[in-house]
>>> print(open('entry.pdb').read())   # PDB, C-alpha atoms
ATOM      1  CA  MET A  21      74.029 109.894 155.779  1.00  0.00           C
ATOM      2  CA  SER A  22      73.913 108.412 152.289  1.00  0.00           C
ATOM      3  CA  GLU A  23      77.673 107.807 152.245  1.00  0.00           C
ATOM      4  CA  ALA A  24      77.549 106.140 155.654  1.00  0.00           C
ATOM      5  CA  SER A  25      74.673 103.951 154.550  1.00  0.00           C
ATOM      6  CA  GLN A  26      76.624 102.934 151.463  1.00  0.00           C
ATOM      7  CA  ALA A  27      79.789 102.128 153.445  1.00  0.00           C
ATOM      8  CA  HIS A  28      77.904 100.057 156.022  1.00  0.00           C
ATOM      9  CA  PRO A  29      76.824  97.216 153.638  1.00  0.00           C
ATOM     10  CA  ASP A  30      80.408  96.918 152.309  1.00  0.00           C
ATOM     11  CA  ALA A  31      81.772  96.533 155.801  1.00  0.00           C
ATOM     12  CA  ALA A  32      79.064  94.014 156.658  1.00  0.00           C
ATOM     13  CA  ALA A  33      79.801  92.017 153.495  1.00  0.00           C
ATOM     14  CA  GLU A  34      83.315  91.131 154.700  1.00  0.00           C
ATOM     15  CA  PRO A  35      83.110  88.071 156.977  1.00  0.00           C
ATOM     16  CA  PRO A  36      84.897  88.567 160.300  1.00  0.00           C
ATOM     17  CA  GLN A  37      88.006  86.423 160.706  1.00  0.00           C
ATOM     18  CA  ARG A  38      88.014  84.112 163.685  1.00  0.00           C
ATOM     19  CA  PRO A  39      90.797  84.661 166.241  1.00  0.00           C
ATOM     20  CA  VAL A  40      91.754  80.979 166.116  1.00  0.00           C
ATOM     21  CA  VAL A  41      92.171  81.069 162.328  1.00  0.00           C
ATOM     22  CA  ALA A  42      94.158  84.317 162.461  1.00  0.00           C
ATOM     23  CA  ALA A  43      96.436  82.912 165.153  1.00  0.00           C
ATOM     24  CA  SER A  44      96.955  79.704 163.174  1.00  0.00           C
ATOM     25  CA  ILE A  45      97.882  81.669 160.046  1.00  0.00           C
ATOM     26  CA  TRP A  46     100.319  83.798 162.042  1.00  0.00           C
ATOM     27  CA  VAL A  47     101.989  80.730 163.570  1.00  0.00           C
ATOM     28  CA  LEU A  48     102.262  78.952 160.217  1.00  0.00           C
ATOM     29  CA  GLU A  49     103.713  81.990 158.460  1.00  0.00           C
ATOM     30  CA  HIS A  50     106.369  82.528 161.124  1.00  0.00           C
ATOM     31  CA  ALA A  51     107.164  78.824 161.248  1.00  0.00           C
ATOM     32  CA  GLN A  52     107.621  78.846 157.472  1.00  0.00           C
ATOM     33  CA  ASP A  53     109.968  81.825 157.748  1.00  0.00           C
ATOM     34  CA  ILE A  54     112.004  80.100 160.470  1.00  0.00           C
ATOM     35  CA  VAL A  55     112.344  76.910 158.423  1.00  0.00           C
ATOM     36  CA  THR A  56     113.259  78.910 155.310  1.00  0.00           C
ATOM     37  CA  VAL A  57     115.941  80.872 157.168  1.00  0.00           C
ATOM     38  CA  THR A  58     117.349  77.636 158.609  1.00  0.00           C
ATOM     39  CA  VAL A  59     117.535  76.061 155.165  1.00  0.00           C
ATOM     40  CA  GLY A  60     119.245  79.179 153.789  1.00  0.00           C
ATOM     41  CA  VAL A  61     121.865  79.185 156.560  1.00  0.00           C
ATOM     42  CA  VAL A  62     122.577  75.480 156.035  1.00  0.00           C
ATOM     43  CA  LEU A  63     122.977  76.008 152.292  1.00  0.00           C
ATOM     44  CA  ILE A  64     125.347  78.942 152.842  1.00  0.00           C
ATOM     45  CA  VAL A  65     127.499  76.888 155.223  1.00  0.00           C
ATOM     46  CA  LEU A  66     127.485  73.970 152.789  1.00  0.00           C
ATOM     47  CA  ALA A  67     128.449  76.221 149.862  1.00  0.00           C
ATOM     48  CA  ALA A  68     131.324  77.764 151.842  1.00  0.00           C
ATOM     49  CA  THR A  69     132.540  74.309 152.873  1.00  0.00           C
ATOM     50  CA  LEU A  70     132.474  73.046 149.292  1.00  0.00           C
ATOM     51  CA  ALA A  71     134.326  76.145 148.060  1.00  0.00           C
ATOM     52  CA  VAL A  72     137.098  75.805 150.655  1.00  0.00           C
ATOM     53  CA  ASP A  73     137.377  72.054 150.053  1.00  0.00           C
ATOM     54  CA  GLY A  74     137.582  72.637 146.299  1.00  0.00           C
ATOM     55  CA  VAL A  75     140.442  75.116 146.671  1.00  0.00           C
ATOM     56  CA  ILE A  76     142.304  72.764 149.031  1.00  0.00           C
ATOM     57  CA  SER A  77     141.802  69.834 146.639  1.00  0.00           C
ATOM     58  CA  PHE A  78     143.080  71.948 143.729  1.00  0.00           C
ATOM     59  CA  VAL A  79     146.245  72.980 145.587  1.00  0.00           C
ATOM     60  CA  THR A  80     146.819  69.418 146.767  1.00  0.00           C
ATOM     61  CA  GLY A  81     146.340  68.001 143.269  1.00  0.00           C
ATOM     62  CA  VAL A  82     148.808  70.483 141.790  1.00  0.00           C
ATOM     63  CA  MET A  83     151.439  70.184 144.517  1.00  0.00           C
ATOM     64  CA  HIS A  84     151.166  66.416 144.895  1.00  0.00           C
ATOM     65  CA  PRO A  85     150.144  64.897 141.556  1.00  0.00           C
ATOM     66  CA  LYS A  86     149.382  61.240 141.111  1.00  0.00           C
ATOM     67  CA  PRO A  87     152.214  58.854 140.244  1.00  0.00           C
ATOM     68  CA  HIS A  88     153.119  58.628 136.537  1.00  0.00           C
ATOM     69  CA  ALA A  89     151.213  61.881 135.854  1.00  0.00           C
ATOM     70  CA  SER A  90     152.768  64.949 134.309  1.00  0.00           C
ATOM     71  CA  THR A  91     152.437  68.405 135.812  1.00  0.00           C
ATOM     72  CA  ALA A  92     150.231  69.655 132.967  1.00  0.00           C
ATOM     73  CA  SER A  93     147.907  66.673 133.304  1.00  0.00           C
ATOM     74  CA  ALA A  94     147.680  67.150 137.075  1.00  0.00           C
ATOM     75  CA  ILE A  95     146.852  70.853 136.702  1.00  0.00           C
ATOM     76  CA  SER A  96     144.231  70.130 134.038  1.00  0.00           C
ATOM     77  CA  THR A  97     142.540  67.477 136.160  1.00  0.00           C
ATOM     78  CA  ALA A  98     142.614  69.659 139.281  1.00  0.00           C
ATOM     79  CA  ALA A  99     141.227  72.648 137.353  1.00  0.00           C
ATOM     80  CA  ILE A 100     138.319  70.596 135.978  1.00  0.00           C
ATOM     81  CA  ASP A 101     137.502  69.314 139.458  1.00  0.00           C
ATOM     82  CA  LEU A 102     137.659  72.849 140.860  1.00  0.00           C
ATOM     83  CA  LEU A 103     135.378  74.159 138.106  1.00  0.00           C
ATOM     84  CA  ASP A 104     132.878  71.405 138.827  1.00  0.00           C
ATOM     85  CA  ARG A 105     132.966  72.303 142.507  1.00  0.00           C
ATOM     86  CA  VAL A 106     132.509  76.022 141.738  1.00  0.00           C
ATOM     87  CA  LEU A 107     129.456  75.272 139.579  1.00  0.00           C
ATOM     88  CA  LEU A 108     127.994  73.205 142.407  1.00  0.00           C
ATOM     89  CA  VAL A 109     128.554  76.128 144.789  1.00  0.00           C
ATOM     90  CA  LEU A 110     126.851  78.404 142.257  1.00  0.00           C
ATOM     91  CA  ILE A 111     123.796  76.119 142.267  1.00  0.00           C
ATOM     92  CA  LEU A 112     123.621  76.332 146.063  1.00  0.00           C
ATOM     93  CA  VAL A 113     123.974  80.126 145.953  1.00  0.00           C
ATOM     94  CA  GLU A 114     121.106  80.395 143.459  1.00  0.00           C
ATOM     95  CA  ILE A 115     118.940  78.250 145.729  1.00  0.00           C
ATOM     96  CA  VAL A 116     119.792  80.585 148.628  1.00  0.00           C
ATOM     97  CA  HIS A 117     118.805  83.510 146.386  1.00  0.00           C
ATOM     98  CA  THR A 118     115.449  81.809 145.846  1.00  0.00           C
ATOM     99  CA  VAL A 119     115.067  81.436 149.615  1.00  0.00           C
ATOM    100  CA  VAL A 120     115.770  85.151 150.111  1.00  0.00           C
ATOM    101  CA  LEU A 121     113.183  86.105 147.469  1.00  0.00           C
ATOM    102  CA  SER A 122     110.667  83.825 149.155  1.00  0.00           C
ATOM    103  CA  LEU A 123     111.271  85.553 152.496  1.00  0.00           C
ATOM    104  CA  ARG A 124     110.928  89.040 151.000  1.00  0.00           C
ATOM    105  CA  ALA A 125     107.867  88.635 148.803  1.00  0.00           C
ATOM    106  CA  HIS A 126     106.460  85.284 149.980  1.00  0.00           C
ATOM    107  CA  ARG A 127     106.382  84.085 146.392  1.00  0.00           C
ATOM    108  CA  LEU A 128     108.620  81.992 144.167  1.00  0.00           C
ATOM    109  CA  ALA A 129     110.566  83.520 141.283  1.00  0.00           C
ATOM    110  CA  ALA A 130     111.244  81.591 138.088  1.00  0.00           C
ATOM    111  CA  GLN A 131     114.702  82.954 137.237  1.00  0.00           C
ATOM    112  CA  PRO A 132     116.674  81.205 140.022  1.00  0.00           C
ATOM    113  CA  PHE A 133     115.222  77.813 139.097  1.00  0.00           C
ATOM    114  CA  ILE A 134     116.108  78.386 135.450  1.00  0.00           C
ATOM    115  CA  VAL A 135     119.669  79.333 136.422  1.00  0.00           C
ATOM    116  CA  VAL A 136     119.975  76.227 138.610  1.00  0.00           C
ATOM    117  CA  GLY A 137     118.857  74.008 135.734  1.00  0.00           C
ATOM    118  CA  LEU A 138     121.223  75.770 133.329  1.00  0.00           C
ATOM    119  CA  VAL A 139     124.215  75.363 135.645  1.00  0.00           C
ATOM    120  CA  ALA A 140     123.354  71.706 136.253  1.00  0.00           C
ATOM    121  CA  VAL A 141     123.293  71.039 132.511  1.00  0.00           C
ATOM    122  CA  ILE A 142     126.625  72.831 132.070  1.00  0.00           C
ATOM    123  CA  ARG A 143     128.131  70.673 134.834  1.00  0.00           C
ATOM    124  CA  ARG A 144     126.958  67.572 133.009  1.00  0.00           C
ATOM    125  CA  ILE A 145     128.450  68.799 129.732  1.00  0.00           C
ATOM    126  CA  LEU A 146     131.787  69.500 131.407  1.00  0.00           C
ATOM    127  CA  PHE A 147     131.742  66.034 132.957  1.00  0.00           C
ATOM    128  CA  LEU A 148     131.176  64.443 129.579  1.00  0.00           C
ATOM    129  CA  LEU A 149     133.873  66.526 127.915  1.00  0.00           C
ATOM    130  CA  SER A 150     136.414  65.764 130.636  1.00  0.00           C
ATOM    131  CA  ASN A 151     135.685  62.041 130.487  1.00  0.00           C
ATOM    132  CA  GLU A 152     138.166  59.969 128.533  1.00  0.00           C
ATOM    133  CA  ASN A 153     135.455  57.671 127.193  1.00  0.00           C
ATOM    134  CA  THR A 154     133.474  58.277 124.020  1.00  0.00           C
ATOM    135  CA  ILE A 155     130.875  60.999 124.414  1.00  0.00           C
ATOM    136  CA  PRO A 156     127.350  59.890 123.410  1.00  0.00           C
ATOM    137  CA  THR A 157     126.282  62.154 120.573  1.00  0.00           C
ATOM    138  CA  ALA A 158     122.578  61.916 121.418  1.00  0.00           C
ATOM    139  CA  GLU A 159     123.118  62.881 125.053  1.00  0.00           C
ATOM    140  CA  LEU A 160     125.424  65.743 124.135  1.00  0.00           C
ATOM    141  CA  GLY A 161     122.917  67.081 121.592  1.00  0.00           C
ATOM    142  CA  LEU A 162     120.120  66.821 124.155  1.00  0.00           C
ATOM    143  CA  LEU A 163     122.161  68.735 126.720  1.00  0.00           C
ATOM    144  CA  ILE A 164     122.976  71.487 124.219  1.00  0.00           C
ATOM    145  CA  GLY A 165     119.269  71.744 123.351  1.00  0.00           C
ATOM    146  CA  MET A 166     118.476  72.044 127.066  1.00  0.00           C
ATOM    147  CA  VAL A 167     120.995  74.883 127.386  1.00  0.00           C
ATOM    148  CA  VAL A 168     119.309  76.743 124.529  1.00  0.00           C
ATOM    149  CA  ALA A 169     115.879  76.124 126.068  1.00  0.00           C
ATOM    150  CA  PHE A 170     116.963  77.369 129.508  1.00  0.00           C
ATOM    151  CA  VAL A 171     118.525  80.515 128.046  1.00  0.00           C
ATOM    152  CA  ALA A 172     115.405  81.234 125.972  1.00  0.00           C
ATOM    153  CA  ALA A 173     113.181  80.672 129.018  1.00  0.00           C
ATOM    154  CA  TYR A 174     115.305  83.010 131.135  1.00  0.00           C
ATOM    155  CA  LEU A 175     115.168  85.766 128.532  1.00  0.00           C
ATOM    156  CA  ALA A 176     111.412  85.341 128.095  1.00  0.00           C
ATOM    157  CA  VAL A 177     110.697  85.451 131.826  1.00  0.00           C
ATOM    158  CA  SER A 178     112.950  88.481 132.288  1.00  0.00           C
ATOM    159  CA  HIS A 179     111.201  90.274 129.422  1.00  0.00           C
ATOM    160  CA  PHE A 180     107.662  89.663 130.681  1.00  0.00           C
ATOM    161  CA  GLU A 181     108.547  90.558 134.264  1.00  0.00           C
ATOM    162  CA  ARG A 182     110.251  93.799 133.199  1.00  0.00           C
ATOM    163  CA  ARG A 183     107.280  95.178 131.225  1.00  0.00           C
ATOM    164  CA  PRO A 184     105.070  96.102 134.261  1.00  0.00           C
ATOM    165  CA  GLY A 185     107.993  98.010 135.781  1.00  0.00           C
ATOM    166  CA  GLU A 186     108.496 100.007 132.608  1.00  0.00           C
ATOM    167  CA  GLU A 187     104.792 100.876 132.509  1.00  0.00           C
ATOM    168  CA  GLU A 188     104.992 102.120 136.089  1.00  0.00           C
ATOM    169  CA  LEU A 189     107.927 104.365 135.194  1.00  0.00           C
ATOM    170  CA  ALA A 190     106.014 105.974 132.315  1.00  0.00           C
ATOM    171  CA  PRO A 191     103.843 108.285 134.504  1.00  0.00           C
ATOM    172  CA  GLY A 192     106.960 109.400 136.374  1.00  0.00           C
ATOM    173  CA  ALA A 193     108.475 110.665 133.135  1.00  0.00           C
ATOM    174  CA  GLY A 194     105.448 112.894 132.606  1.00  0.00           C
ATOM    175  CA  GLU A 195     106.137 114.653 135.898  1.00  0.00           C
ATOM    176  CA  ILE A 196     109.027 116.540 134.267  1.00  0.00           C
ATOM    177  CA  ALA A 197     106.542 118.960 132.619  1.00  0.00           C
ATOM    178  CA  PRO A 198     105.547 120.656 135.906  1.00  0.00           C
ATOM    179  CA  ALA A 199     109.250 121.127 136.671  1.00  0.00           C
ATOM    180  CA  ALA A 200     109.684 122.856 133.314  1.00  0.00           C
ATOM    181  CA  GLY A 201     106.665 124.994 134.147  1.00  0.00           C
ATOM    182  CA  ASN A 202     108.244 125.921 137.453  1.00  0.00           C
ATOM    183  CA  THR A 203     111.389 126.926 135.564  1.00  0.00           C
ATOM    184  CA  VAL A 204     109.363 129.259 133.379  1.00  0.00           C
ATOM    185  CA  ALA A 205     107.596 130.623 136.426  1.00  0.00           C
ATOM    186  CA  ALA A 206     110.948 131.189 138.089  1.00  0.00           C
ATOM    187  CA  GLY A 207     112.055 133.133 135.019  1.00  0.00           C
ATOM    188  CA  GLU A 208     109.202 135.528 135.591  1.00  0.00           C
ATOM    189  CA  ILE A 209     110.871 136.771 138.754  1.00  0.00           C
ATOM    190  CA  ALA A 210     113.378 138.809 136.690  1.00  0.00           C
ATOM    191  CA  PRO A 211     110.807 141.296 135.400  1.00  0.00           C
ATOM    192  CA  ALA A 212     109.523 141.660 138.940  1.00  0.00           C
ATOM    193  CA  ALA A 213     113.060 142.507 140.066  1.00  0.00           C
ATOM    194  CA  GLY A 214     113.274 144.990 137.200  1.00  0.00           C
ATOM    195  CA  ASN A 215     110.080 146.657 138.407  1.00  0.00           C
ATOM    196  CA  THR A 216     111.579 146.976 141.856  1.00  0.00           C
ATOM    197  CA  VAL A 217     114.636 148.696 140.422  1.00  0.00           C
ATOM    198  CA  ALA A 218     112.373 151.033 138.435  1.00  0.00           C
ATOM    199  CA  ALA A 219     110.481 151.899 141.610  1.00  0.00           C
ATOM    200  CA  ASP A 220     113.770 152.738 143.290  1.00  0.00           C
ATOM    201  CA  LYS A 221     114.628 155.082 140.437  1.00  0.00           C
ATOM    202  CA  VAL A 222     111.284 156.844 140.852  1.00  0.00           C
ATOM    203  CA  ASP A 223     111.951 157.358 144.536  1.00  0.00           C
ATOM    204  CA  THR A 224     115.406 158.715 143.765  1.00  0.00           C
ATOM    205  CA  SER A 225     114.075 161.133 141.190  1.00  0.00           C
ATOM    206  CA  GLY A 226     111.411 162.200 143.594  1.00  0.00           C
ATOM    207  CA  GLY A 227     114.024 162.893 146.277  1.00  0.00           C
TER     208      GLY A 227
END
>>> encode(input="entry.pdb", output="structure tokens")
Amino acid sequence: MSEASQAHPDAAAEPPQRPVVAASIWVLEHAQDIVTVTVGVVLIVLAATLAVDGVISFVTGVMHPKPHASTASAISTAAIDLLDRVLLVLILVEIVHTVVLSLRAHRLAAQPFIVVGLVAVIRRILFLLSNENTIPTAELGLLIGMVVAFVAAYLAVSHFERRPGEEELAPGAGEIAPAAGNTVAAGEIAPAAGNTVAADKVDTSGG
């Protein structure tokens, strides 16, 4: 009776959820999932289109170079354009990865956004290096500093998000001791078998 009386106030303390509110939450959550899946599919199709178009542009630029352009120059220009297109596809793929994480856990992860920013900065650096004009030193230094900052942020976030997982694995390592105890207990079966053999010898001698 005392336990039931203690559980009753806890149950009464939780306010009952209205059916209209619960239905609204259900509709909004499923609508969010539908929109997120649609965005992910569109991004995948766009990334595949950009990848195929980049390969076609590379082959076309190599096979049919511009007038008064050498073969080496045409290949270099086509390779830089293809690399830029691949980095853009990588950005889209990381955004799709963020969408998938949002669907699984209904929360946003920091690593994909950091990777997107890092790839975007690298694309800008490659654009400046491939440009024939003079590269602004201040802008190039700022971009390099942003690369260092993004890498440091990624490592920091990965470190702090890995620590809870390692703490959860620690109790599992302690479960090896019972297994060792079972091994010792299993070793005790041998003397029991020896006793059985001894009993057989007694019966034989008795016969």
>>> residues_around(input="entry.pdb", residues="region 173-177 of chain A", least_positions_apart="5", cutoff="12 Å", atoms="only C-alpha atoms", output="list in words")
Ala129, Ala130, Gln131, Pro132, Phe133, Ile134, Val135, Val136, Gly137, Leu138, Met166, Val167, Val168, Arg182 and Arg183 of chain A
>>> atom_distance(input="entry.pdb", atom1="CA of Phe147 (chain A)", atom2="CA of Leu162 (chain A)")
14.6 Å
>>> resolve_selection(input="entry.pdb", expression="the PyMOL selection byres ((chain A and resi 150) around 12)", output="PyMOL selection string")
chain A and resi 93+96-101+103-104+143-149+151-155
>>> closest_residue(input="entry.pdb", among="A:Leu163, A:Ala94, A:Ile76, A:Leu123", to="Ala51 (chain A)", atoms="only C-alpha atoms")
A:Leu123
>>> resolve_selection(input="entry.pdb", expression="the PyMOL selection byres ((chain A and resi 70) around 12)", output="list in words")
Leu63, Ile64, Val65, Leu66, Ala67, Ala68, Thr69, Ala71, Val72, Asp73, Gly74, Val75, Ile76, Ser77, Asp101, Leu102, Leu103, Asp104, Arg105, Val106, Leu107, Leu108, Val109, Leu110, Ile111, Leu112 and Val113 of chain A
>>> resolve_selection(input="entry.pdb", expression="the PyMOL selection byres ((chain A and resi 57) around 12)", output="list in words")
His50, Ala51, Gln52, Asp53, Ile54, Val55, Thr56, Thr58, Val59, Gly60, Val61, Val62, Leu63, Ile64, Val116, His117, Thr118, Val119, Val120, Leu121, Ser122, Leu123 and Arg124 of chain A
>>> write_last_selection(input="entry.pdb", atoms="C-alpha atoms", output="PDB file, keeping the file's coordinate frame")
ATOM      1  CA  HIS A  50     106.369  82.528 161.124  1.00  0.00           C
ATOM      2  CA  ALA A  51     107.164  78.824 161.248  1.00  0.00           C
ATOM      3  CA  GLN A  52     107.621  78.846 157.472  1.00  0.00           C
ATOM      4  CA  ASP A  53     109.968  81.825 157.748  1.00  0.00           C
ATOM      5  CA  ILE A  54     112.004  80.100 160.470  1.00  0.00           C
ATOM      6  CA  VAL A  55     112.344  76.910 158.423  1.00  0.00           C
ATOM      7  CA  THR A  56     113.259  78.910 155.310  1.00  0.00           C
ATOM      8  CA  THR A  58     117.349  77.636 158.609  1.00  0.00           C
ATOM      9  CA  VAL A  59     117.535  76.061 155.165  1.00  0.00           C
ATOM     10  CA  GLY A  60     119.245  79.179 153.789  1.00  0.00           C
ATOM     11  CA  VAL A  61     121.865  79.185 156.560  1.00  0.00           C
ATOM     12  CA  VAL A  62     122.577  75.480 156.035  1.00  0.00           C
ATOM     13  CA  LEU A  63     122.977  76.008 152.292  1.00  0.00           C
ATOM     14  CA  ILE A  64     125.347  78.942 152.842  1.00  0.00           C
ATOM     15  CA  VAL A 116     119.792  80.585 148.628  1.00  0.00           C
ATOM     16  CA  HIS A 117     118.805  83.510 146.386  1.00  0.00           C
ATOM     17  CA  THR A 118     115.449  81.809 145.846  1.00  0.00           C
ATOM     18  CA  VAL A 119     115.067  81.436 149.615  1.00  0.00           C
ATOM     19  CA  VAL A 120     115.770  85.151 150.111  1.00  0.00           C
ATOM     20  CA  LEU A 121     113.183  86.105 147.469  1.00  0.00           C
ATOM     21  CA  SER A 122     110.667  83.825 149.155  1.00  0.00           C
ATOM     22  CA  LEU A 123     111.271  85.553 152.496  1.00  0.00           C
ATOM     23  CA  ARG A 124     110.928  89.040 151.000  1.00  0.00           C
TER      24      ARG A 124
END
>>> atom_distance(input="entry.pdb", atom1="CA of Pro156 (chain A)", atom2="CA of Ile95 (chain A)")
26.0 Å
>>> atom_distance(input="entry.pdb", atom1="CA of Ile142 (chain A)", atom2="CA of Leu160 (chain A)")
10.7 Å
